[in-house]
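Dumped entry_39.cif below, it's mmCIF, C-alpha atoms:
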data_my_file
loop_
_atom_site.label_atom_id
_atom_site.label_comp_id
_atom_site.auth_asym_id
_atom_site.auth_seq_id
_atom_site.Cartn_x
_atom_site.Cartn_y
_atom_site.Cartn_z
CA MET A 1 -30.58 137.12 -136.55
CA ALA A 2 -27.42 135.08 -136.05
CA ILE A 3 -28.17 131.50 -135.06
CA ASP A 4 -26.21 128.27 -134.59
CA ILE A 5 -27.35 125.39 -136.75
CA ILE A 6 -26.64 121.76 -135.94
CA TYR A 7 -27.20 119.83 -139.16
CA GLY A 8 -26.32 116.16 -139.03
CA GLU A 9 -22.63 115.92 -138.21
CA ASN A 10 -21.95 119.62 -138.73
CA VAL A 11 -22.35 122.69 -136.57
CA THR A 12 -22.35 126.11 -138.19
CA LYS A 13 -22.29 129.04 -135.80
CA GLY A 14 -23.53 132.56 -136.38
CA VAL A 15 -25.60 131.93 -139.50
CA ASP A 16 -27.73 134.86 -140.62
CA ALA A 17 -31.30 133.50 -140.53
CA ASP A 18 -34.84 134.76 -140.64
CA THR A 19 -36.60 132.52 -138.12
CA LYS A 20 -40.17 133.68 -138.58
CA ASN A 21 -42.25 130.81 -140.02
CA GLY A 22 -39.25 128.62 -140.63
CA VAL A 23 -35.50 128.92 -140.94
CA TRP A 24 -34.81 131.12 -143.95
CA LEU A 25 -31.25 131.19 -145.21
CA SER A 26 -29.49 132.72 -148.20
CA ALA A 27 -28.72 130.32 -151.05
CA SER A 28 -25.05 130.26 -150.15
CA ASP A 29 -25.74 129.58 -146.46
CA PHE A 30 -28.26 126.91 -147.43
CA LYS A 31 -25.45 125.12 -149.28
CA ARG A 32 -22.85 125.78 -146.61
CA VAL A 33 -25.00 124.59 -143.71
CA ALA A 34 -26.99 121.75 -145.24
CA GLY A 35 -25.22 120.94 -148.50
CA PHE A 36 -28.34 121.55 -150.60
CA GLU A 37 -28.62 123.65 -153.75
CA ARG A 38 -31.76 124.84 -155.51
CA LYS A 39 -31.87 123.40 -159.01
CA PRO A 40 -34.73 123.07 -161.55
CA GLU A 41 -35.28 119.52 -160.24
CA GLY A 42 -35.73 120.77 -156.68
CA PHE A 43 -33.39 120.90 -153.69
CA CYS A 44 -30.39 118.76 -154.52
CA LYS A 45 -27.44 117.35 -152.63
CA GLY A 46 -25.13 115.37 -154.86
CA GLU A 47 -27.29 112.91 -156.79
CA GLN A 48 -30.29 113.26 -154.50
CA CYS A 49 -33.01 115.80 -155.38
CA TYR A 50 -36.24 116.60 -153.55
CA PRO A 51 -38.81 118.26 -155.82
CA VAL A 52 -40.64 121.24 -154.35
CA PRO A 53 -44.41 120.58 -154.26
CA PRO A 54 -45.65 123.19 -156.77
CA ALA A 55 -48.64 124.29 -154.65
CA ARG A 56 -46.37 124.89 -151.67
CA LYS A 57 -43.55 126.76 -153.34
CA ALA A 58 -44.00 129.82 -151.12
CA GLU A 59 -43.21 127.71 -148.04
CA PHE A 60 -39.82 126.87 -149.49
CA GLU A 61 -38.56 129.99 -151.20
CA SER A 62 -39.14 133.69 -150.85
CA GLY A 63 -37.20 136.88 -151.26
CA GLY A 64 -34.01 135.13 -152.30
CA ARG A 65 -34.04 132.89 -149.23
CA TYR A 66 -34.78 129.19 -148.78
CA ASN A 67 -36.53 127.61 -145.83
CA LEU A 68 -34.47 124.85 -144.22
CA ALA A 69 -37.35 123.94 -141.90
CA ALA A 70 -39.67 123.30 -144.86
CA LEU A 71 -37.08 121.08 -146.52
CA ALA A 72 -36.54 119.19 -143.27
CA ASP A 73 -40.26 118.59 -142.98
CA LEU A 74 -40.41 117.38 -146.60
CA ILE A 75 -37.52 114.94 -146.06
CA GLY A 76 -38.82 113.77 -142.67
CA GLN A 77 -35.95 115.22 -140.67
CA PRO A 78 -36.72 116.14 -137.07
CA MET A 79 -36.06 119.76 -136.14
CA VAL A 80 -35.72 121.00 -132.56
CA ALA A 81 -34.93 124.59 -131.63
CA ASP A 82 -33.90 126.48 -128.53
CA GLU A 83 -34.86 130.03 -129.44
CA ALA A 84 -33.47 131.53 -126.25
CA HIS A 85 -29.98 130.26 -127.08
CA ARG A 86 -30.57 130.62 -130.83
CA VAL A 87 -29.75 127.01 -131.67
CA TRP A 88 -31.58 124.99 -134.30
CA CYS A 89 -30.90 121.26 -134.50
CA PHE A 90 -31.74 119.14 -137.57
CA GLY A 91 -31.53 115.38 -137.21
CA GLU A 92 -31.54 112.48 -139.65
CA ALA A 93 -34.79 111.26 -141.19
CA SER A 94 -35.92 107.90 -139.80
CA GLU A 95 -36.24 106.51 -143.35
CA ASN A 96 -32.57 107.26 -143.99
CA ARG A 97 -31.48 105.68 -140.71
CA LYS A 98 -33.63 102.64 -141.39
CA ARG A 99 -32.33 102.20 -144.93
CA ALA A 100 -28.75 102.52 -143.72
CA LEU A 101 -29.16 100.01 -140.90
CA THR A 102 -31.07 97.38 -142.87
CA SER A 103 -28.44 97.48 -145.62
CA LEU A 104 -26.27 95.88 -142.90
CA ASP A 105 -23.30 98.00 -143.94
CA ALA A 106 -21.98 99.39 -140.67
CA PRO A 107 -22.23 103.20 -140.89
CA ASP A 108 -18.85 104.87 -140.58
CA PHE A 109 -18.08 107.39 -137.87
CA SER A 110 -15.08 109.28 -136.57
CA LEU A 111 -14.55 110.04 -132.87
CA PRO A 112 -11.64 111.27 -130.77
CA ASP A 113 -9.68 109.36 -128.16
CA LEU A 114 -8.48 110.97 -124.92
CA GLU A 115 -5.60 112.64 -126.72
CA GLY A 116 -7.92 114.06 -129.35
CA ARG A 117 -6.72 111.72 -132.07
CA MET A 118 -9.58 110.74 -134.39
CA HIS A 119 -10.46 107.09 -134.95
CA SER A 120 -12.89 105.87 -137.58
CA LEU A 121 -14.59 102.53 -138.01
CA SER A 122 -13.41 102.29 -141.61
CA GLU A 123 -9.75 102.41 -140.48
CA HIS A 124 -10.27 98.88 -139.18
CA ARG A 125 -11.77 97.37 -142.32
CA GLY A 126 -10.33 93.89 -142.70
CA LYS A 127 -10.67 93.00 -139.02
CA LYS A 128 -13.50 91.54 -137.01
CA ILE A 129 -14.73 94.43 -134.87
CA LEU A 130 -16.53 94.40 -131.55
CA LEU A 131 -18.05 97.88 -131.32
CA VAL A 132 -18.93 98.15 -127.65
CA SER A 133 -20.40 100.96 -125.56
CA TRP A 134 -19.64 101.90 -121.99
CA ALA A 135 -19.96 105.00 -119.80
CA SER A 136 -18.55 106.50 -116.64
CA TRP A 137 -22.08 106.61 -115.30
CA MET B 1 -12.51 94.84 -119.65
CA TRP B 2 -11.75 93.93 -123.26
CA GLN B 3 -7.99 94.18 -123.01
CA ALA B 4 -7.47 90.51 -122.17
CA LEU B 5 -9.64 89.47 -125.10
CA TYR B 6 -7.72 91.81 -127.39
CA THR B 7 -4.40 90.42 -126.23
CA GLU B 8 -5.69 86.92 -126.95
CA LEU B 9 -7.53 87.50 -130.24
CA GLY B 10 -5.83 90.59 -131.68
CA PRO B 11 -3.27 88.47 -133.57
CA LYS B 12 -6.19 86.65 -135.21
CA GLY B 13 -7.61 89.81 -136.73
CA PHE B 14 -9.96 90.97 -133.95
CA VAL B 15 -10.24 94.44 -132.46
CA PRO B 16 -12.58 95.91 -129.87
CA ILE B 17 -13.51 99.56 -130.31
CA ALA B 18 -14.79 100.94 -127.04
CA VAL B 19 -17.10 103.95 -127.25
CA ALA B 20 -17.79 106.05 -124.15
CA PHE B 21 -21.27 107.55 -124.20
CA ASP B 22 -20.10 110.42 -122.01
CA SER B 23 -21.46 113.88 -122.73
CA ALA B 24 -19.11 115.23 -120.08
CA GLY B 25 -16.25 114.13 -122.32
CA ASN B 26 -12.69 113.48 -121.22
CA ALA B 27 -13.33 114.64 -117.67
CA ALA B 28 -15.75 111.77 -117.17
CA ALA B 29 -14.10 109.06 -119.23
CA GLU B 30 -10.42 109.65 -118.50
CA PRO B 31 -10.04 107.98 -115.08
CA TRP B 32 -11.62 104.79 -116.37
CA ILE B 33 -9.57 104.68 -119.56
CA LYS B 34 -6.32 105.38 -117.72
CA ALA B 35 -7.12 102.58 -115.27
CA ALA B 36 -7.88 100.14 -118.09
CA ASN B 37 -4.73 101.17 -119.99
CA PRO B 38 -6.07 99.80 -123.29
CA THR B 39 -4.07 99.13 -126.41
CA TYR B 40 -7.24 99.10 -128.54
CA PRO B 41 -9.14 102.24 -129.61
CA CYS B 42 -11.16 103.95 -126.89
CA VAL B 43 -13.15 106.88 -128.20
CA ILE B 44 -15.28 109.54 -126.52
CA ASP B 45 -18.79 109.99 -127.91
CA ARG B 46 -20.25 113.09 -126.27
CA ARG B 47 -23.18 113.27 -128.66
CA HIS B 48 -24.03 109.55 -128.35
CA ILE B 49 -23.77 109.37 -132.13
CA VAL B 50 -22.80 105.68 -132.12
CA ALA B 51 -25.91 104.96 -130.05
CA GLU B 52 -28.00 106.62 -132.72
CA LEU B 53 -26.23 105.01 -135.68
CA PHE B 54 -26.30 101.48 -134.26
CA ASP B 55 -29.44 101.70 -132.13
CA MET B 56 -27.78 101.15 -128.76
CA VAL B 57 -30.04 101.79 -125.81
CA ASN B 58 -27.74 100.91 -122.93
CA VAL B 59 -24.18 100.17 -121.87
CA PRO B 60 -22.57 97.79 -122.47
CA ASN B 61 -24.23 97.20 -125.83
CA ALA B 62 -22.21 95.79 -128.71
CA VAL B 63 -22.39 95.24 -132.46
CA TRP B 64 -20.28 92.72 -134.36
CA ILE B 65 -18.89 93.96 -137.67
CA ASP B 66 -17.06 91.62 -140.02
CA GLU B 67 -13.97 92.22 -142.16
CA HIS B 68 -16.13 93.57 -145.00
CA GLY B 69 -17.79 96.15 -142.79
CA LYS B 70 -21.04 94.15 -142.53
CA ILE B 71 -23.04 93.91 -139.31
CA VAL B 72 -23.24 90.25 -138.29
CA ARG B 73 -24.80 90.84 -134.86
CA PRO B 74 -26.91 93.95 -134.25
CA SER B 75 -26.87 95.86 -130.98
CA GLU B 76 -27.39 93.71 -127.88
CA PRO B 77 -26.07 93.62 -124.31
CA ALA B 78 -22.42 92.61 -124.37
CA GLY B 79 -22.34 89.77 -121.89
CA ALA B 80 -24.20 91.75 -119.23
CA SER B 81 -26.84 90.25 -117.00
CA ASP B 82 -29.87 91.40 -115.02
CA ALA B 83 -28.34 89.68 -112.00
CA PHE B 84 -26.92 93.06 -110.99
CA ARG B 85 -30.48 93.92 -109.92
CA LYS B 86 -29.90 91.74 -106.87
CA MET B 87 -27.21 94.16 -105.70
CA ASP B 88 -27.56 95.56 -102.19
CA HIS B 89 -28.09 99.29 -102.73
CA THR B 90 -26.31 100.31 -99.56
CA ASN B 91 -23.17 98.21 -99.56
CA PHE B 92 -23.12 97.30 -103.29
CA SER B 93 -22.58 93.62 -102.57
CA ILE B 94 -23.99 91.03 -104.94
CA PRO B 95 -25.16 87.62 -103.64
CA PRO B 96 -23.13 84.59 -104.82
CA ASP B 97 -25.82 83.14 -107.11
CA ALA B 98 -26.16 86.48 -108.88
CA LEU B 99 -22.38 86.76 -109.17
CA ALA B 100 -22.30 83.30 -110.74
CA ASP B 101 -24.94 84.36 -113.26
CA LEU B 102 -23.01 87.51 -114.14
CA GLN B 103 -19.89 85.43 -114.65
CA ALA B 104 -21.70 82.83 -116.75
CA LYS B 105 -23.25 85.44 -119.06
CA ARG B 106 -19.91 87.13 -119.51
CA SER B 107 -18.11 83.86 -120.29
CA ALA B 108 -20.78 82.84 -122.79
CA TYR B 109 -20.39 86.12 -124.62
CA LEU B 110 -16.61 85.98 -124.70
CA ASN B 111 -16.73 82.39 -125.96
CA ALA B 112 -19.13 83.42 -128.70
CA ILE B 113 -16.62 86.04 -129.82
CA ARG B 114 -13.85 83.45 -129.76
CA ASP B 115 -15.97 81.15 -131.90
CA TRP B 116 -16.61 83.94 -134.40
CA VAL B 117 -12.94 84.90 -134.60
CA ALA B 118 -11.99 81.26 -135.13
CA ASN B 119 -14.73 80.36 -137.62
CA GLY B 120 -15.82 83.59 -139.31
CA PRO B 121 -19.10 83.29 -141.22
CA ALA B 122 -19.27 79.59 -140.34
CA SER B 123 -19.71 80.51 -136.68
CA LYS B 124 -23.28 80.00 -135.54
CA PHE B 125 -22.96 83.29 -133.69
CA ALA B 126 -22.37 85.23 -136.92
CA LEU B 127 -25.99 85.70 -137.91
CA SER B 128 -27.53 85.46 -141.36
CA GLU B 129 -28.62 88.70 -143.00
CA THR B 130 -32.30 87.92 -142.45
CA GLU B 131 -31.67 87.17 -138.79
CA VAL B 132 -29.67 90.39 -138.30
CA VAL B 133 -32.51 92.41 -139.83
CA ARG B 134 -35.08 90.47 -137.80
CA ARG B 135 -33.31 91.30 -134.55
CA MET B 136 -32.78 94.95 -135.36
CA HIS B 137 -35.06 97.62 -133.96
CA THR B 138 -35.26 99.97 -136.87
CA PRO B 139 -35.53 103.66 -136.05
CA SER B 140 -38.93 105.32 -135.89
CA ASP B 141 -39.77 109.01 -136.15
CA ASP B 142 -39.80 109.11 -132.35
CA HIS B 143 -36.28 107.64 -132.27
CA VAL B 144 -34.80 110.29 -134.56
CA ARG B 145 -36.74 113.02 -132.81
CA ALA B 146 -35.33 111.81 -129.49
CA ALA B 147 -31.82 111.86 -130.95
CA ALA B 148 -32.28 115.44 -132.20
CA ASN B 149 -33.47 116.52 -128.75
CA PHE B 150 -30.55 114.79 -127.11
CA ARG B 151 -28.14 116.39 -129.57
CA LEU B 152 -29.50 119.84 -128.81
CA GLY B 153 -29.28 119.19 -125.08
CA GLU B 154 -25.68 118.01 -125.40
CA TYR B 155 -24.82 121.12 -127.45
CA LEU B 156 -26.22 123.33 -124.71
CA VAL B 157 -24.18 121.42 -122.12
CA GLU B 158 -21.03 121.89 -124.21
CA SER B 159 -21.87 125.60 -124.59
CA GLY B 160 -22.09 126.00 -120.82
CA HIS B 161 -25.87 125.90 -120.31
CA PRO B 162 -26.44 122.55 -118.55
CA LYS B 163 -29.65 123.60 -116.80
CA ASP B 164 -31.26 124.71 -120.04
CA ALA B 165 -30.30 121.39 -121.59
CA GLN B 166 -32.43 119.32 -119.23
CA LYS B 167 -35.76 119.91 -120.94
CA TYR B 168 -34.36 118.46 -124.18
CA PHE B 169 -33.02 115.45 -122.30
CA GLU B 170 -36.47 115.01 -120.77
CA GLU B 171 -38.03 115.04 -124.22
CA ALA B 172 -35.46 112.52 -125.50
CA LYS B 173 -36.33 110.26 -122.55
CA ARG B 174 -40.04 110.67 -123.18
CA LEU B 175 -39.71 109.79 -126.88
CA ARG B 176 -37.43 106.83 -126.22
CA PRO B 177 -38.36 105.42 -122.84
CA GLU B 178 -36.42 102.22 -123.60
CA SER B 179 -33.13 104.16 -123.79
CA TRP B 180 -31.22 103.82 -120.53
CA ASN B 181 -28.46 105.90 -122.10
CA TYR B 182 -30.69 108.96 -122.27
CA LYS B 183 -31.98 108.49 -118.74
CA ARG B 184 -28.65 107.84 -117.07
CA GLN B 185 -26.68 110.43 -119.06
CA ALA B 186 -29.24 113.14 -118.26
CA TRP B 187 -29.21 112.15 -114.57
CA ALA B 188 -25.40 112.10 -114.52
CA LEU B 189 -25.27 115.63 -115.94
CA GLU B 190 -27.63 116.85 -113.22
CA ASP B 191 -25.60 115.17 -110.51
CA PRO B 192 -22.92 112.48 -110.97
CA MET B 193 -24.46 110.31 -108.24
CA LYS B 194 -27.92 110.39 -109.73
CA ALA B 195 -27.25 107.86 -112.51
CA GLY B 196 -26.86 105.14 -109.89
CA GLY B 197 -29.08 106.63 -107.20
CA PRO B 198 -32.61 105.97 -105.88
CA GLU B 199 -34.27 107.28 -109.05
CA PHE B 200 -32.26 104.83 -111.13
CA TRP B 201 -33.12 101.87 -108.91
CA ALA B 202 -36.79 102.86 -108.89
CA ALA B 203 -36.77 102.91 -112.70
CA VAL B 204 -35.06 99.50 -112.77
CA ASP B 205 -37.55 98.04 -110.28
CA ALA B 206 -40.40 99.44 -112.37
CA LEU B 207 -39.28 97.08 -115.15
CA GLY B 208 -40.69 94.20 -113.14
CA ASP B 209 -40.15 91.05 -115.17
CA ASN B 210 -38.97 93.02 -118.21
CA LYS B 211 -35.24 92.89 -118.74
CA TYR B 212 -32.82 95.74 -118.23
CA TYR B 213 -30.45 93.70 -120.41
CA PRO B 214 -32.64 91.72 -122.83
CA THR B 215 -31.22 88.28 -123.46
CA SER B 216 -30.55 87.11 -127.00
CA ASP B 217 -31.82 83.77 -128.32
CA ASP B 218 -28.44 82.25 -128.90
CA ILE B 219 -25.82 83.51 -126.41
#
Represent the structure from my file as structure tokens, please.
Amino acid sequence: MAIDIIYGENVTKGVDADTKNGVWLSASDFKRVAGFERKPEGFCKGEQCYPVPPARKAEFESGGRYNLAALADLIGQPMVADEAHRVWCFGEASENRKRALTSLDAPDFSLPDLEGRMHSLSEHRGKKILLVSWASW
Amino acid sequence: MWQALYTELGPKGFVPIAVAFDSAGNAAAEPWIKAANPTYPCVIDRRHIVAELFDMVNVPNAVWIDEHGKIVRPSEPAGASDAFRKMDHTNFSIPPDALADLQAKRSAYLNAIRDWVANGPASKFALSETEVVRRMHTPSDDHVRAAANFRLGEYLVESGHPKDAQKYFEEAKRLRPESWNYKRQAWALEDPMKAGGPEFWAAVDALGDNKYYPTSDDI
């Protein structure tokens, strides 16, 4: 079934997924959507690897597919799905958010202005920044 | 609102970056930005990602970041005051003593920024690392779960399914009851008037002695 996957900053539409008992993707889609590859050490993204618990291997891989939901659960990422609209949303693990915040390094982000021009926090390195929220409501 | 401060302090290496937590995007934010005519960056944050990254629960909330990209004041109300709660709900007037309090809080905050820009790390308002961490509310599993629900809701709104989005907004609100952003954004998407309507005021009144805008120890 073709689903949309929101994974952190990225949205990938029309991903071929088996959504029974998890979110099962091909190896190439697993990498494309989430950035993870299956290596002997486990599921790896860059330097970071999460070993697959040996007794639970079948939850993570089967028939040439890998289960993104099982990995999310292992990492502590929240997953919320709207099956009617075929959208699966994976958020950041609280441990990662906590580590990032308590490092006191301001996390970078990139957002558009009214004209659609992107602005990032890191563009302003070297200045004292007041990052301030507001809303029309 | 920050333009005057930017005009004054910009030459001394200060910049405000205003982030609109507006899931309705340009349509919602544009009139306000055009009216303010800012020369500093004003960005549109439909997904409320900055709220999630910096743990902002309301507007206006602000974080101070120094020249090295370090947080020197974690998220807190940016010179806002609970005095607005004395507003008359029908004619929107605010009694003089409340107005004075609003003005005083605002001035204190602006002066703290001035002190920081002038004195850098020597400013008493630029907090030590331990104090920044102490003041932070670090994210829990409920927080990130709320953010994922909100994100899904916002995606459904952007895809043209606003009614189906509401249940995810409700879950975000339930998981993070202290987030006024989730409440008011969800209400605003149902009906633009709802974010400032009777339901909003009832929720504010339900706070009792608890603050809508918690005060910090030092500003």
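If all atoms listed in the file are the atoms counted, then among A:Leu114, A:Leu68, A:Leu25, A:Cys89 the closest residue to Glu9 of chain A is A:Cys89.
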Translate the PyMOL selection byres ((chain B) within 7 of (chain A)), as applied to the file shown, into an explicit residue set as a VMD selection string.
chain B and resid 13 to 22 26 28 to 30 42 to 45 53 59 to 71 133 138 to 141 144 to 145 148 to 149 152 184 188 195
Residue neighbourhood Tyr182 of chain B, 7 Å, all atoms listed in the file, exclusion window fewer than 3 positions, as number ranges by chain
B: 169, 172-173, 179, 185-186
When the PyMOL selection byres ((chain B and resi 9) around 12) is applied to the structure above, which residues does it catch, written out as a ChimeraX atom specification?
/A:127-130 /B:2-8,10-16,40,110-111,113-118
Pick out the residues sitting within 9 Å of Ala98 of chain B, and hand them over as a ChimeraX atom specification; count all atoms listed in the file, and ignore anything fewer than 6 positions along from it in its own chain.
/B:81-87
Can you rebuild segment 154-180 of chain B with N, CA and C atoms and give it as a CSV table (one decimal), in the coordinates of the input?
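Result file is rebuild.csv:
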chain,number,residue,atom,x,y,z
B,154,GLU,N,-27.1,118.2,-125.6
B,154,GLU,CA,-25.7,118.0,-125.4
B,154,GLU,C,-24.9,119.3,-125.9
B,155,TYR,N,-25.4,119.9,-126.9
B,155,TYR,CA,-24.8,121.1,-127.4
B,155,TYR,C,-24.9,122.2,-126.4
B,156,LEU,N,-26.1,122.3,-125.7
B,156,LEU,CA,-26.2,123.3,-124.7
B,156,LEU,C,-25.3,123.0,-123.5
B,157,VAL,N,-25.1,121.8,-123.2
B,157,VAL,CA,-24.2,121.4,-122.1
B,157,VAL,C,-22.8,121.9,-122.5
B,158,GLU,N,-22.4,121.5,-123.7
B,158,GLU,CA,-21.0,121.9,-124.2
B,158,GLU,C,-20.8,123.4,-124.3
B,159,SER,N,-22.0,124.1,-124.5
B,159,SER,CA,-21.9,125.6,-124.6
B,159,SER,C,-22.0,126.3,-123.2
B,160,GLY,N,-22.1,125.4,-122.2
B,160,GLY,CA,-22.1,126.0,-120.8
B,160,GLY,C,-23.5,126.3,-120.3
B,161,HIS,N,-24.5,125.7,-120.8
B,161,HIS,CA,-25.9,125.9,-120.3
B,161,HIS,C,-26.5,124.6,-119.9
B,162,PRO,N,-25.9,123.9,-118.9
B,162,PRO,CA,-26.4,122.6,-118.6
B,162,PRO,C,-27.9,122.6,-118.0
B,163,LYS,N,-28.3,123.6,-117.3
B,163,LYS,CA,-29.6,123.6,-116.8
B,163,LYS,C,-30.7,123.7,-117.9
B,164,ASP,N,-30.3,124.5,-118.9
B,164,ASP,CA,-31.3,124.7,-120.0
B,164,ASP,C,-31.3,123.5,-120.9
B,165,ALA,N,-30.3,122.6,-120.8
B,165,ALA,CA,-30.3,121.4,-121.6
B,165,ALA,C,-31.3,120.4,-121.1
B,166,GLN,N,-31.6,120.4,-119.8
B,166,GLN,CA,-32.4,119.3,-119.2
B,166,GLN,C,-33.8,119.1,-119.9
B,167,LYS,N,-34.4,120.2,-120.3
B,167,LYS,CA,-35.8,119.9,-120.9
B,167,LYS,C,-35.6,119.1,-122.2
B,168,TYR,N,-34.5,119.2,-122.9
B,168,TYR,CA,-34.4,118.5,-124.2
B,168,TYR,C,-34.0,117.0,-123.8
B,169,PHE,N,-33.3,116.8,-122.8
B,169,PHE,CA,-33.0,115.4,-122.3
B,169,PHE,C,-34.3,114.8,-121.9
B,170,GLU,N,-35.2,115.6,-121.2
B,170,GLU,CA,-36.5,115.0,-120.8
B,170,GLU,C,-37.3,114.6,-122.0
B,171,GLU,N,-37.3,115.4,-123.0
B,171,GLU,CA,-38.0,115.0,-124.2
B,171,GLU,C,-37.4,113.8,-124.9
B,172,ALA,N,-36.1,113.7,-124.9
B,172,ALA,CA,-35.5,112.5,-125.5
B,172,ALA,C,-35.9,111.3,-124.7
B,173,LYS,N,-35.9,111.4,-123.4
B,173,LYS,CA,-36.3,110.3,-122.6
B,173,LYS,C,-37.8,109.9,-122.8
B,174,ARG,N,-38.6,110.9,-123.0
B,174,ARG,CA,-40.0,110.7,-123.2
B,174,ARG,C,-40.3,109.9,-124.5
B,175,LEU,N,-39.5,110.4,-125.5
B,175,LEU,CA,-39.7,109.8,-126.9
B,175,LEU,C,-39.1,108.4,-127.0
B,176,ARG,N,-38.1,108.1,-126.2
B,176,ARG,CA,-37.4,106.8,-126.2
B,176,ARG,C,-37.3,106.3,-124.8
B,177,PRO,N,-38.4,105.9,-124.2
B,177,PRO,CA,-38.4,105.4,-122.8
B,177,PRO,C,-37.5,104.2,-122.6
B,178,GLU,N,-37.2,103.4,-123.7
B,178,GLU,CA,-36.4,102.2,-123.6
B,178,GLU,C,-34.9,102.5,-123.6
B,179,SER,N,-34.5,103.8,-123.8
B,179,SER,CA,-33.1,104.2,-123.8
B,179,SER,C,-32.6,104.5,-122.4
B,180,TRP,N,-31.8,103.6,-121.8
B,180,TRP,CA,-31.2,103.8,-120.5
B,180,TRP,C,-30.1,104.8,-120.7
